[in-house]
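Data file: input.cif. Format and content: mmCIF, C-alpha atoms.
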data_upload
#
loop_
_atom_site.label_atom_id
_atom_site.label_comp_id
_atom_site.auth_asym_id
_atom_site.auth_seq_id
_atom_site.Cartn_x
_atom_site.Cartn_y
_atom_site.Cartn_z
CA MET A 1143 0.00 0.00 0.00
CA ASN A 1144 1.41 3.38 -1.03
CA LEU A 1145 1.23 5.67 1.98
CA GLU A 1146 2.87 8.76 0.56
CA ASN A 1147 -0.47 10.58 0.46
CA ASP A 1148 -1.23 9.62 4.07
CA ILE A 1149 2.16 10.93 5.18
CA ARG A 1150 1.81 14.13 3.17
CA ILE A 1151 -1.59 14.83 4.70
CA LEU A 1152 -0.29 14.05 8.19
CA SER A 1153 2.58 16.46 7.56
CA ASP A 1154 0.10 19.19 6.60
CA LEU A 1155 -2.02 18.50 9.70
CA VAL A 1156 0.95 18.54 12.08
CA ALA A 1157 2.06 21.86 10.55
CA CYS A 1158 -1.21 23.37 11.80
CA PRO A 1159 -0.38 24.17 15.45
CA SER A 1160 -3.90 23.52 16.69
CA VAL A 1161 -3.03 23.64 20.39
CA SER A 1162 -6.13 23.83 22.56
CA ASP A 1163 -5.30 27.30 23.89
CA ARG A 1164 -5.48 28.83 20.42
CA SER A 1165 -7.73 28.73 17.36
CA ASN A 1166 -8.11 25.56 15.31
CA LEU A 1167 -9.46 27.37 12.26
CA ASP A 1168 -6.29 26.78 10.21
CA ILE A 1169 -6.65 23.01 10.40
CA ILE A 1170 -10.41 23.23 9.84
CA ASP A 1171 -9.76 25.37 6.75
CA TYR A 1172 -7.35 22.76 5.41
CA ILE A 1173 -9.60 19.76 6.05
CA GLU A 1174 -12.74 21.48 4.78
CA ALA A 1175 -11.02 22.55 1.54
CA TYR A 1176 -9.64 19.03 1.03
CA LEU A 1177 -13.02 17.35 1.55
CA ALA A 1178 -14.95 19.91 -0.49
CA GLY A 1179 -12.39 19.50 -3.26
CA HIS A 1180 -13.40 15.85 -3.47
CA GLY A 1181 -17.10 16.67 -3.61
CA ALA A 1182 -17.99 16.16 0.04
CA GLU A 1183 -20.84 18.10 1.61
CA THR A 1184 -19.29 20.06 4.50
CA ARG A 1185 -20.77 22.00 7.41
CA ARG A 1186 -18.68 24.15 9.73
CA LEU A 1187 -20.02 24.64 13.27
CA ALA A 1188 -18.46 27.65 14.95
CA SER A 1189 -17.73 27.84 18.67
CA PRO A 1190 -19.67 30.50 20.63
CA ASP A 1191 -16.77 32.96 20.35
CA GLY A 1192 -16.09 32.12 16.69
CA ASP A 1193 -12.41 31.34 17.33
CA LYS A 1194 -12.80 27.59 16.84
CA ALA A 1195 -15.03 25.22 14.92
CA ASN A 1196 -16.22 21.68 14.54
CA LEU A 1197 -16.55 20.20 11.06
CA VAL A 1198 -19.10 17.69 9.75
CA ALA A 1199 -18.72 16.34 6.23
CA ARG A 1200 -20.51 13.65 4.25
CA ILE A 1201 -19.36 11.48 1.37
CA GLY A 1202 -22.01 9.31 -0.24
CA PRO A 1203 -25.79 9.54 -0.29
CA ASP A 1204 -27.97 11.42 2.17
CA ALA A 1205 -29.41 8.16 3.46
CA PRO A 1206 -30.04 6.47 6.80
CA GLY A 1207 -27.25 4.62 8.60
CA GLY A 1208 -23.66 4.75 7.51
CA LEU A 1209 -20.34 5.24 9.27
CA ILE A 1210 -18.98 8.12 11.36
CA LEU A 1211 -15.22 8.69 11.48
CA SER A 1212 -14.70 10.87 14.54
CA GLY A 1213 -11.62 12.73 15.69
CA HIS A 1214 -10.50 15.83 17.55
CA THR A 1215 -8.37 18.45 15.84
CA ASP A 1216 -6.74 19.95 18.94
CA VAL A 1217 -3.44 18.92 20.51
CA VAL A 1218 -1.73 19.62 23.83
CA PRO A 1219 1.01 22.26 24.21
CA VAL A 1220 4.72 21.63 23.72
CA GLU A 1221 5.96 24.41 26.03
CA GLY A 1222 8.37 23.09 28.64
CA GLN A 1223 9.10 19.94 26.65
CA THR A 1224 12.46 19.12 25.04
CA TRP A 1225 11.98 17.73 21.54
CA ASP A 1226 14.67 16.28 19.30
CA THR A 1227 12.66 17.41 16.27
CA ASP A 1228 10.44 20.37 15.44
CA PRO A 1229 7.08 19.37 16.98
CA PHE A 1230 5.14 21.16 14.25
CA SER A 1231 7.08 19.77 11.31
CA LEU A 1232 6.56 16.07 10.64
CA THR A 1233 9.92 14.27 10.70
CA ARG A 1234 10.42 10.72 9.49
CA VAL A 1235 13.10 8.57 11.11
CA GLY A 1236 12.88 5.01 9.81
CA ASP A 1237 9.33 3.77 10.38
CA ARG A 1238 8.51 6.54 12.85
CA LEU A 1239 6.78 9.84 12.05
CA TYR A 1240 7.46 12.45 14.73
CA GLY A 1241 5.30 15.49 15.45
CA ARG A 1242 2.78 16.88 17.93
CA GLY A 1243 -0.49 15.09 17.34
CA ALA A 1244 1.04 12.35 15.17
CA ALA A 1245 -0.47 9.76 17.51
CA ASP A 1246 -3.09 11.82 19.34
CA MET A 1247 -4.84 11.95 16.94
CA LYS A 1248 -3.91 13.48 13.62
CA GLY A 1249 -2.64 10.11 12.41
CA PHE A 1250 -6.19 8.77 12.33
CA ILE A 1251 -7.52 11.93 10.66
CA ALA A 1252 -4.77 11.77 8.02
CA GLY A 1253 -5.55 8.14 7.26
CA ALA A 1254 -9.26 8.87 7.01
CA LEU A 1255 -8.65 11.79 4.64
CA ALA A 1256 -6.28 9.70 2.54
CA CYS A 1257 -9.16 7.26 1.96
CA VAL A 1258 -11.32 9.98 0.41
CA PRO A 1259 -10.19 9.64 -3.24
CA GLU A 1260 -11.08 5.96 -3.08
CA LEU A 1261 -14.34 6.55 -1.20
CA VAL A 1262 -15.68 8.95 -3.83
CA ARG A 1263 -15.15 6.30 -6.51
CA LEU A 1264 -17.13 3.65 -4.64
CA PRO A 1265 -20.86 3.05 -5.26
CA LEU A 1266 -21.79 3.83 -1.65
CA ALA A 1267 -25.29 2.90 -0.54
CA LYS A 1268 -24.83 4.61 2.83
CA PRO A 1269 -22.91 7.74 3.83
CA VAL A 1270 -19.50 8.13 5.41
CA TYR A 1271 -19.37 11.07 7.82
CA PHE A 1272 -16.29 12.91 9.00
CA CYS A 1273 -16.94 14.48 12.43
CA LEU A 1274 -14.06 16.60 13.70
CA SER A 1275 -14.21 18.48 16.97
CA TYR A 1276 -12.34 21.16 18.90
CA ASP A 1277 -11.21 21.30 22.55
CA GLU A 1278 -11.28 17.59 23.30
CA GLU A 1279 -8.04 18.04 25.24
CA LEU A 1280 -9.78 20.56 27.52
CA GLY A 1281 -12.43 18.04 28.55
CA CYS A 1282 -14.46 17.11 25.46
CA LEU A 1283 -15.89 20.63 25.22
CA GLY A 1284 -16.50 21.06 21.51
CA VAL A 1285 -18.05 17.72 20.62
CA HIS A 1286 -21.37 18.50 22.32
CA GLY A 1287 -22.29 21.08 19.69
CA LEU A 1288 -21.30 18.64 16.97
CA ILE A 1289 -23.51 15.94 18.46
CA ASP A 1290 -26.41 18.36 18.76
CA HIS A 1291 -26.04 19.08 15.05
CA LEU A 1292 -26.07 15.37 14.17
CA LYS A 1293 -29.20 14.85 16.24
CA GLU A 1294 -30.94 17.83 14.63
CA ARG A 1295 -30.22 16.34 11.20
CA GLY A 1296 -31.47 12.92 12.27
CA ILE A 1297 -28.14 11.27 11.55
CA ASP A 1298 -28.25 7.76 13.02
CA PRO A 1299 -25.17 5.79 11.90
CA ASP A 1300 -24.65 2.06 12.01
CA LEU A 1301 -21.27 2.64 13.68
CA CYS A 1302 -19.08 5.48 14.96
CA ILE A 1303 -15.31 5.00 15.12
CA VAL A 1304 -13.51 7.37 17.49
CA GLY A 1305 -9.96 7.20 16.20
CA GLU A 1306 -7.91 7.67 19.37
CA PRO A 1307 -4.57 5.84 19.53
CA THR A 1308 -5.29 2.26 20.58
CA GLY A 1309 -2.62 0.50 18.53
CA MET A 1310 -5.54 -0.51 16.27
CA GLU A 1311 -7.09 -2.57 19.06
CA VAL A 1312 -10.87 -2.25 19.45
CA GLY A 1313 -11.64 -0.26 22.59
CA LEU A 1314 -15.05 -0.81 24.18
CA ALA A 1315 -14.80 0.93 27.56
CA HIS A 1316 -13.18 3.73 29.50
CA LYS A 1317 -13.80 5.54 32.77
CA GLY A 1318 -15.74 8.78 33.09
CA ASN A 1319 -14.33 11.98 34.54
CA ARG A 1320 -15.56 14.76 36.82
CA THR A 1321 -13.04 17.56 37.41
CA TYR A 1322 -13.63 20.30 39.99
CA ARG A 1323 -11.93 23.42 41.34
CA LEU A 1324 -12.45 24.29 44.98
CA ALA A 1325 -11.61 27.75 46.30
CA PHE A 1326 -11.07 28.01 50.07
CA THR A 1327 -11.42 31.60 51.27
CA GLY A 1328 -9.94 32.50 54.65
CA GLU A 1329 -8.61 35.63 56.33
CA ALA A 1330 -5.24 37.27 55.74
CA ALA A 1331 -3.40 38.19 58.92
CA HIS A 1332 0.04 38.30 60.51
CA SER A 1333 1.13 34.77 61.35
CA SER A 1334 1.45 35.72 65.02
CA ARG A 1335 -2.37 35.81 65.04
CA ALA A 1336 -2.76 32.51 63.18
CA PRO A 1337 -4.93 30.76 65.80
CA THR A 1338 -7.49 33.56 65.73
CA VAL A 1339 -8.24 33.64 61.98
CA VAL A 1340 -9.31 31.23 59.24
CA ASN A 1341 -6.32 29.68 57.44
CA ALA A 1342 -7.39 28.80 53.88
CA VAL A 1343 -4.47 26.42 53.32
CA ALA A 1344 -5.16 24.56 56.56
CA TYR A 1345 -8.78 23.96 55.62
CA ALA A 1346 -7.82 22.93 52.09
CA ALA A 1347 -5.31 20.49 53.57
CA ARG A 1348 -8.03 19.00 55.78
CA PHE A 1349 -10.22 18.52 52.72
CA VAL A 1350 -7.45 16.91 50.66
CA SER A 1351 -6.40 14.61 53.48
CA ALA A 1352 -9.97 13.48 54.20
CA VAL A 1353 -10.99 12.70 50.62
CA THR A 1354 -7.65 11.06 49.78
CA GLU A 1355 -7.89 8.80 52.80
CA GLU A 1356 -11.46 7.80 52.01
CA ALA A 1357 -10.70 7.23 48.32
CA ALA A 1358 -7.90 4.83 49.27
CA GLY A 1359 -10.66 2.40 50.19
CA PHE A 1360 -11.47 1.79 46.53
CA ALA A 1361 -8.20 -0.12 46.16
CA THR A 1362 -9.28 -2.69 48.77
CA ALA A 1363 -13.08 -2.64 48.69
CA GLY A 1364 -13.77 -1.83 45.05
CA PRO A 1365 -15.98 -2.05 43.13
CA PHE A 1366 -13.64 -3.50 40.52
CA GLN A 1367 -13.83 -4.06 36.77
CA ASP A 1368 -11.22 -6.28 35.19
CA GLY A 1369 -9.42 -5.05 32.11
CA PHE A 1370 -8.62 -1.53 33.30
CA ASP A 1371 -5.01 -0.69 34.22
CA VAL A 1372 -6.42 0.57 37.54
CA PRO A 1373 -9.53 -1.59 38.01
CA HIS A 1374 -11.39 0.74 40.38
CA THR A 1375 -12.59 4.33 40.66
CA THR A 1376 -9.94 6.87 41.65
CA VAL A 1377 -10.01 10.30 43.29
CA HIS A 1378 -6.96 12.44 42.58
CA VAL A 1379 -5.88 15.91 43.75
CA GLY A 1380 -3.57 17.36 41.12
CA VAL A 1381 -3.13 21.02 42.11
CA MET A 1382 -3.09 22.86 45.44
CA ASN A 1383 -2.10 26.53 45.43
CA GLY A 1384 -2.27 28.85 48.42
CA GLY A 1385 -0.36 31.37 50.48
CA THR A 1386 2.28 33.96 49.67
CA GLN A 1387 4.86 33.74 52.46
CA VAL A 1388 5.21 32.01 55.78
CA ASN A 1389 4.49 35.00 58.04
CA ILE A 1390 1.10 35.70 56.44
CA VAL A 1391 -1.96 33.60 57.20
CA PRO A 1392 -3.22 32.62 53.72
CA ASP A 1393 -6.63 33.93 52.70
CA LEU A 1394 -6.98 31.78 49.59
CA CYS A 1395 -6.16 28.23 48.56
CA VAL A 1396 -7.31 26.61 45.32
CA VAL A 1397 -7.55 22.85 44.87
CA ASP A 1398 -8.05 21.08 41.52
CA MET A 1399 -9.22 17.48 41.72
CA GLU A 1400 -10.78 14.79 39.59
CA ILE A 1401 -12.86 11.65 39.94
CA ARG A 1402 -12.29 8.92 37.36
CA TYR A 1403 -15.15 6.50 37.74
CA LEU A 1404 -15.97 3.08 36.35
CA PRO A 1405 -18.72 2.60 33.77
CA GLY A 1406 -22.00 2.04 35.58
CA GLU A 1407 -21.06 3.99 38.71
CA ASP A 1408 -23.23 6.90 39.89
CA ALA A 1409 -21.13 9.96 39.12
CA ASP A 1410 -23.46 12.32 40.99
CA ALA A 1411 -23.26 10.19 44.13
CA LEU A 1412 -19.46 10.10 43.91
CA ALA A 1413 -19.33 13.87 43.50
CA GLU A 1414 -21.51 14.34 46.57
CA ARG A 1415 -19.39 11.93 48.60
CA PHE A 1416 -15.97 13.24 47.65
CA VAL A 1417 -16.55 16.88 46.69
CA PHE A 1418 -19.78 18.60 47.61
CA GLY A 1419 -20.43 16.87 50.93
CA PRO A 1420 -16.98 17.44 52.46
CA ALA A 1421 -16.81 20.97 51.03
CA SER A 1422 -20.21 21.83 52.51
CA ARG A 1423 -19.19 20.69 55.98
CA LEU A 1424 -15.96 22.71 55.90
CA ASN A 1425 -17.79 25.69 54.41
CA GLU A 1426 -20.16 25.74 57.39
CA GLU A 1427 -17.27 25.63 59.86
CA MET A 1428 -15.28 28.31 58.07
CA ALA A 1429 -18.28 30.64 57.71
CA ALA A 1430 -19.00 30.32 61.44
CA ARG A 1431 -15.46 31.44 62.26
CA GLY A 1432 -15.12 34.39 59.88
CA ALA A 1433 -17.37 36.61 57.79
CA GLY A 1434 -16.95 35.89 54.09
CA CYS A 1435 -14.98 32.70 54.71
CA GLY A 1436 -15.92 29.39 53.12
CA VAL A 1437 -15.57 27.03 50.18
CA THR A 1438 -16.89 27.30 46.63
CA VAL A 1439 -16.93 24.45 44.12
CA ALA A 1440 -16.80 24.97 40.36
CA ASP A 1441 -17.19 22.38 37.60
CA VAL A 1442 -14.14 22.47 35.36
CA TYR A 1443 -15.16 19.75 32.91
CA SER A 1444 -16.58 16.28 32.70
CA TYR A 1445 -17.12 13.49 30.24
CA PRO A 1446 -19.18 10.34 30.69
CA ALA A 1447 -17.88 6.83 31.09
CA PHE A 1448 -18.04 4.65 28.00
CA ARG A 1449 -18.99 0.99 27.65
CA MET A 1450 -20.20 -0.99 24.67
CA PRO A 1451 -21.38 -4.61 24.89
CA ALA A 1452 -18.86 -6.94 23.28
CA ASP A 1453 -21.69 -8.87 21.61
CA ASP A 1454 -23.36 -5.82 20.03
CA PRO A 1455 -23.83 -6.62 16.30
CA ALA A 1456 -22.02 -3.44 15.24
CA VAL A 1457 -19.11 -4.27 17.55
CA LEU A 1458 -18.88 -7.79 16.15
CA LEU A 1459 -18.84 -6.34 12.64
CA ALA A 1460 -16.12 -3.84 13.61
CA LYS A 1461 -14.02 -6.65 15.03
CA ARG A 1462 -14.42 -8.76 11.90
CA CYS A 1463 -13.28 -5.83 9.77
CA GLY A 1464 -10.08 -5.68 11.78
CA GLY A 1465 -9.60 -9.42 12.07
CA LYS A 1466 -10.10 -9.18 15.83
CA ASN A 1467 -11.71 -11.43 18.40
CA ALA A 1468 -10.60 -9.54 21.49
CA ASP A 1469 -11.27 -6.01 22.71
CA VAL A 1470 -9.66 -3.70 25.27
CA LYS A 1471 -10.60 -1.27 28.02
CA LEU A 1472 -8.85 2.07 27.77
CA SER A 1473 -6.94 3.89 30.49
CA PHE A 1474 -7.78 7.30 28.99
CA GLY A 1475 -10.95 9.21 28.26
CA THR A 1476 -12.39 9.96 24.82
CA GLU A 1477 -15.44 11.47 23.16
CA ALA A 1478 -16.94 7.98 22.76
CA GLY A 1479 -19.06 8.27 25.90
CA CYS A 1480 -20.46 11.58 24.68
CA PHE A 1481 -21.75 9.86 21.53
CA THR A 1482 -23.24 6.86 23.33
CA GLN A 1483 -24.85 8.98 26.05
CA ALA A 1484 -26.38 11.60 23.75
CA MET A 1485 -27.14 9.55 20.63
CA ASN A 1486 -27.38 5.94 21.82
CA ILE A 1487 -25.43 4.68 18.81
CA PRO A 1488 -22.84 1.90 18.47
CA VAL A 1489 -19.35 3.30 19.09
CA ILE A 1490 -15.88 1.83 19.22
CA VAL A 1491 -12.52 3.49 19.87
CA CYS A 1492 -9.84 2.39 17.41
CA GLY A 1493 -6.95 4.25 15.86
CA PRO A 1494 -3.25 4.20 15.00
CA GLY A 1495 -0.50 4.85 17.49
CA ASP A 1496 0.12 4.27 21.18
CA ILE A 1497 -1.40 6.46 23.90
CA ALA A 1498 1.96 6.13 25.69
CA GLN A 1499 3.35 8.51 23.04
CA ALA A 1500 0.68 11.16 23.56
CA HIS A 1501 1.29 14.44 25.39
CA LYS A 1502 5.05 13.87 25.63
CA PRO A 1503 8.16 15.04 23.72
CA ASP A 1504 8.96 13.28 20.45
CA GLU A 1505 5.43 11.98 19.97
CA PHE A 1506 5.27 9.63 17.01
CA VAL A 1507 3.15 7.21 15.02
CA THR A 1508 4.58 4.44 12.87
CA VAL A 1509 4.05 4.08 9.15
CA GLU A 1510 2.87 0.52 9.80
CA GLN A 1511 0.11 1.81 12.09
CA LEU A 1512 -0.99 4.34 9.46
CA ALA A 1513 -1.24 1.54 6.93
CA ARG A 1514 -3.35 -0.61 9.26
CA SER A 1515 -5.61 2.36 10.04
CA ARG A 1516 -6.34 3.13 6.40
CA GLN A 1517 -7.00 -0.53 5.60
CA TYR A 1518 -9.32 -0.80 8.59
CA ILE A 1519 -11.33 2.27 7.58
CA LEU A 1520 -11.76 0.96 4.06
CA SER A 1521 -12.78 -2.45 5.39
CA CYS A 1522 -15.45 -0.87 7.63
CA VAL A 1523 -16.72 1.26 4.78
CA GLY A 1524 -17.00 -1.82 2.60
CA ALA A 1525 -18.91 -3.75 5.26
CA ILE A 1526 -21.26 -0.95 6.28
CA CYS A 1527 -21.71 1.45 3.38
CA ARG A 1528 -21.53 -0.63 0.19
#
Kindly transcribe the structure held in the file into C-alpha cells.
Amino acid sequence: MNLENDIRILSDLVACPSVSDRSNLDIIDYIEAYLAGHGAETRRLASPDGDKANLVARIGPDAPGGLILSGHTDVVPVEGQTWDTDPFSLTRVGDRLYGRGAADMKGFIAGALACVPELVRLPLAKPVYFCLSYDEELGCLGVHGLIDHLKERGIDPDLCIVGEPTGMEVGLAHKGNRTYRLAFTGEAAHSSRAPTVVNAVAYAARFVSAVTEEAAGFATAGPFQDGFDVPHTTVHVGVMNGGTQVNIVPDLCVVDMEIRYLPGEDADALAERFVFGPASRLNEEMAARGAGCGVTVADVYSYPAFRMPADDPAVLLAKRCGGKNADVKLSFGTEAGCFTQAMNIPVIVCGPGDIAQAHKPDEFVTVEQLARSRQYILSCVGAICR
C-alpha cells in the first residue's frame, strides 16, 4: 500500500499548530477545503466565540445509517518539553513519524482523509461522515455542539469510530471523569495571630487529606472491573495553590481534583461523597469562624464513562473488519461516551499509534500503524456502506 499521500496529509495537519489554547481554524480550513475539493458536503459549526469550529462532512448519499469517522483536531502544548525534532514539522526517522499530534490523533484523521479519493469512486449505498471536533483536550468541550447538530439532522449511523490511539485494538470501555476546582477563602493576617483567623491552606489540607484517605478504600473494597489498568474508581488531587509567604496567614487556597469513575457507577453520588459533601461541611465551619470565609466548588469539565457490549452486532462487525476477536478497556478518556450517552449509537474506539506517546516530547506514530488504520477504515466502509 502506497502511503505517501497519508504521510503528506499528516505532515500538513501537524504543521497546523492547533493547540487547545489557540484557534483551530487553520486546520479546519485545510480539512474542509480538502473534503470539499473531493465533492464532500461540508458543514462548519463555529464555537460560541467564533475562534474555533467543529466540522461535519458527508461522502455518499444522504441516506439512513452509515459510518462516522470521529476525531479531535486539537493537541496539547509543547511548552516546557524538550523535543529532538520540530514538533510542528513532521519528521520521518525510519518507520517513525514524529510530530505533535502524530499519535493523538492526527494520524487517524490523516488516514481517514487519505481514503477519500477511493471513497468517492465507490458506489456507496450509505454515507460516510467525517466528524471533527475542537477542545477535546480541555475536557471534550466542543463535541457536544457537533452531536447536537447530528441529532438535529437525524443522523443515526450504524457505527461510529472514534480514532484515538489504541494500537488498532478495538476499545469498548473507559472511565468517566468529573473535574472540579475548589476555592477556600480565609482571612489574611500576621502569622502571630494565626490561631485567631481562618487559614485557607489549613482547611484545604483537611479537605485533601480526608478525601484522599477515604478514596484509598477503593483499592481494597472496590468495586472492581477487570481489564482496566487501575480496576477501580480513583479520586486524585492534582493542584493545590495557596499562600504567599510564611508570616502571612493565607486567605486563599485553590484545589483542583478529579474523579475517574468506572462505567456504571453513579457519578453524581461520587461527586456528593468526595466533593460537595466534604466541602459543605468545611464551608459551614469556616463561615462560622469568619465573615466571608468558606468554600466554593466549580465544575471544570466532565465526560461520561463509555462501555459498549462486546456482543453488540455493530461491535462484532467492527471486530471482523479488523480481524479481531478480542477487545480492550482504555486507560484514557475519549469522546466515545459523549456519543453513546447523547445519541445511543454503536461506538468503538480504534486508531493508529500508542497512547503512551501522547502528550510527551517526540510523539510519534509508525508508518505501519498508518497503513493498518487506512486498511481498517476501508474495510469498515465496505462492510457498512456498500
>> Under the rule that all atoms listed in the file are counted, which of A:Asn1341, A:Asn1486, A:Asn1389, A:Ser1162 is the nearest residue to Asp1300 (chain A)?
In response: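 For Asp1300 (chain A), the nearest of the candidates is A:Asn1486.
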>> If I take CA of Val1379 (chain A) and CA of Val1339 (chain A), how far is one from the other in Å, to one decimal?
In response: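 Pair CA of Val1379 (chain A) / CA of Val1339 (chain A) returns 25.5 Å.
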>> Neighbouring residues of Val1381 (chain A) were defined as those with any atom within 10 Å, considering all atoms listed in the file; residues of the same chain fewer than 5 positions away were excluded. Please report them as an MDAnalysis selection string.
In response: chainID A and resid 1323 1396:1399
Based on the selection just made, write C-alpha atoms of those residues as a short mmCIF file (atom, residue, chain, number, x, y, z; two decimals), in the coordinates of the input.
data_model
loop_
_atom_site.label_atom_id
_atom_site.label_comp_id
_atom_site.auth_asym_id
_atom_site.auth_seq_id
_atom_site.Cartn_x
_atom_site.Cartn_y
_atom_site.Cartn_z
CA ARG A 1323 -11.93 23.42 41.34
CA VAL A 1396 -7.31 26.61 45.32
CA VAL A 1397 -7.55 22.85 44.87
CA ASP A 1398 -8.05 21.08 41.52
CA MET A 1399 -9.22 17.48 41.72
#
>> Suppose a student applies the PyMOL selection byres ((chain A and resi 1195) around 12) to this structure; what residues should they get, written as a ChimeraX atom specification?
In response: /A:1160,1162,1164-1171,1173-1174,1185-1194,1196-1198,1214-1216,1273-1278,1283-1288
>> Please enumerate the residues selected by the PyMOL selection byres ((chain A and resi 1407-1415) around 12) when evaluated against the supplied file, formatted as JSON, numbers by chain.
In response: {"A": [1317, 1318, 1319, 1320, 1321, 1322, 1352, 1353, 1354, 1356, 1357, 1360, 1364, 1365, 1366, 1367, 1374, 1375, 1376, 1377, 1399, 1400, 1401, 1402, 1403, 1404, 1405, 1406, 1416, 1417, 1418, 1419, 1420, 1421, 1422, 1423, 1439, 1440, 1441, 1444, 1445, 1446, 1447, 1448, 1449]}
> Could you list as a VMD selection string every residue that has an atom within 10 Å of (-8.3, 12.0, 28.2), using the file's coordinates and counting only C-alpha atoms?
Replying inline: chain A and resid 1278 to 1282 1306 1316 to 1319 1445 1472 to 1477 1497
>> Residue by residue, what does the PyMOL selection byres ((chain A and resi 1255) around 10) grab here? Present the result as a list in words.
In response: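 Listing what the PyMOL selection byres ((chain A and resi 1255) around 10) selects in the shown file: Asn1147, Asp1148, Ile1151, Leu1152, Ile1173, Tyr1176, Leu1177, Leu1211, Gly1249, Phe1250, Ile1251, Ala1252, Gly1253, Ala1254, Ala1256, Cys1257, Val1258, Pro1259, Glu1260, Leu1261, Phe1272 and Arg1516 of chain A.
Nearest-residue note for Ala1336 (chain A): choosing from A:Asp1393, A:Glu1355, A:Asp1453, A:Asp1290, the minimum distance belongs to A:Asp1393, counting all atoms listed in the file.
Residue nearest Glu1510 (chain A), chosen from A:Asp1237, A:Asp1163, A:Asp1228, A:Asp1154 and counting all atoms listed in the file: A:Asp1237.
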> Do you know which residues are at most 12 Å from Val1470 (chain A) counting only C-alpha atoms, after dropping those on the same chain fewer than 4 positions away, and could you put them as a ChimeraX atom specification?
Replying inline: /A:1308-1316,1368-1371,1449-1452,1461,1466,1474,1490-1492
Hey, can you spit out that residue selection with C-alpha atoms as a compact mmCIF listing (two decimals), keeping the file's coordinate frame?
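Wrote part.txt, looks like this:
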# COMPACT_ATOMS: atom_id res chain seq x y z
CA THR A 1308 -5.29 2.26 20.58
CA GLY A 1309 -2.62 0.50 18.53
CA MET A 1310 -5.54 -0.51 16.27
CA GLU A 1311 -7.09 -2.57 19.06
CA VAL A 1312 -10.87 -2.25 19.45
CA GLY A 1313 -11.64 -0.26 22.59
CA LEU A 1314 -15.05 -0.81 24.18
CA ALA A 1315 -14.80 0.93 27.56
CA HIS A 1316 -13.18 3.73 29.50
CA ASP A 1368 -11.22 -6.28 35.19
CA GLY A 1369 -9.42 -5.05 32.11
CA PHE A 1370 -8.62 -1.53 33.30
CA ASP A 1371 -5.01 -0.69 34.22
CA ARG A 1449 -18.99 0.99 27.65
CA MET A 1450 -20.20 -0.99 24.67
CA PRO A 1451 -21.38 -4.61 24.89
CA ALA A 1452 -18.86 -6.94 23.28
CA LYS A 1461 -14.02 -6.65 15.03
CA LYS A 1466 -10.10 -9.18 15.83
CA PHE A 1474 -7.78 7.30 28.99
CA ILE A 1490 -15.88 1.83 19.22
CA VAL A 1491 -12.52 3.49 19.87
CA CYS A 1492 -9.84 2.39 17.41
Would you mind putting back all heavy atoms on region 1453-1457 of chain A, then writing it out as a compact mmCIF listing (two decimals), in the frame of the given file?
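In the end it all went to rebuild.txt:
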# COMPACT_ATOMS: atom_id res chain seq x y z
N ASP A 1453 -20.90 -8.08 22.56
CA ASP A 1453 -21.69 -8.87 21.61
C ASP A 1453 -22.66 -8.02 20.80
O ASP A 1453 -23.52 -8.56 20.09
CB ASP A 1453 -22.46 -9.97 22.35
CG ASP A 1453 -23.42 -9.41 23.41
OD1 ASP A 1453 -23.39 -8.18 23.66
OD2 ASP A 1453 -24.19 -10.20 23.99
N ASP A 1454 -22.53 -6.68 20.87
CA ASP A 1454 -23.36 -5.82 20.03
C ASP A 1454 -23.06 -6.14 18.55
O ASP A 1454 -21.89 -6.28 18.17
CB ASP A 1454 -23.05 -4.36 20.32
CG ASP A 1454 -23.93 -3.40 19.53
OD1 ASP A 1454 -23.62 -3.15 18.34
OD2 ASP A 1454 -24.90 -2.90 20.10
N PRO A 1455 -24.08 -6.26 17.71
CA PRO A 1455 -23.83 -6.62 16.30
C PRO A 1455 -22.86 -5.68 15.59
O PRO A 1455 -22.02 -6.14 14.79
CB PRO A 1455 -25.23 -6.55 15.67
CG PRO A 1455 -26.16 -6.83 16.80
CD PRO A 1455 -25.53 -6.21 18.01
N ALA A 1456 -22.94 -4.38 15.89
CA ALA A 1456 -22.02 -3.44 15.24
C ALA A 1456 -20.60 -3.65 15.74
O ALA A 1456 -19.63 -3.51 14.97
CB ALA A 1456 -22.46 -2.00 15.51
N VAL A 1457 -20.44 -3.99 17.00
CA VAL A 1457 -19.11 -4.27 17.55
C VAL A 1457 -18.54 -5.53 16.91
O VAL A 1457 -17.36 -5.57 16.53
CB VAL A 1457 -19.19 -4.41 19.08
CG1 VAL A 1457 -17.87 -4.96 19.63
CG2 VAL A 1457 -19.50 -3.08 19.73
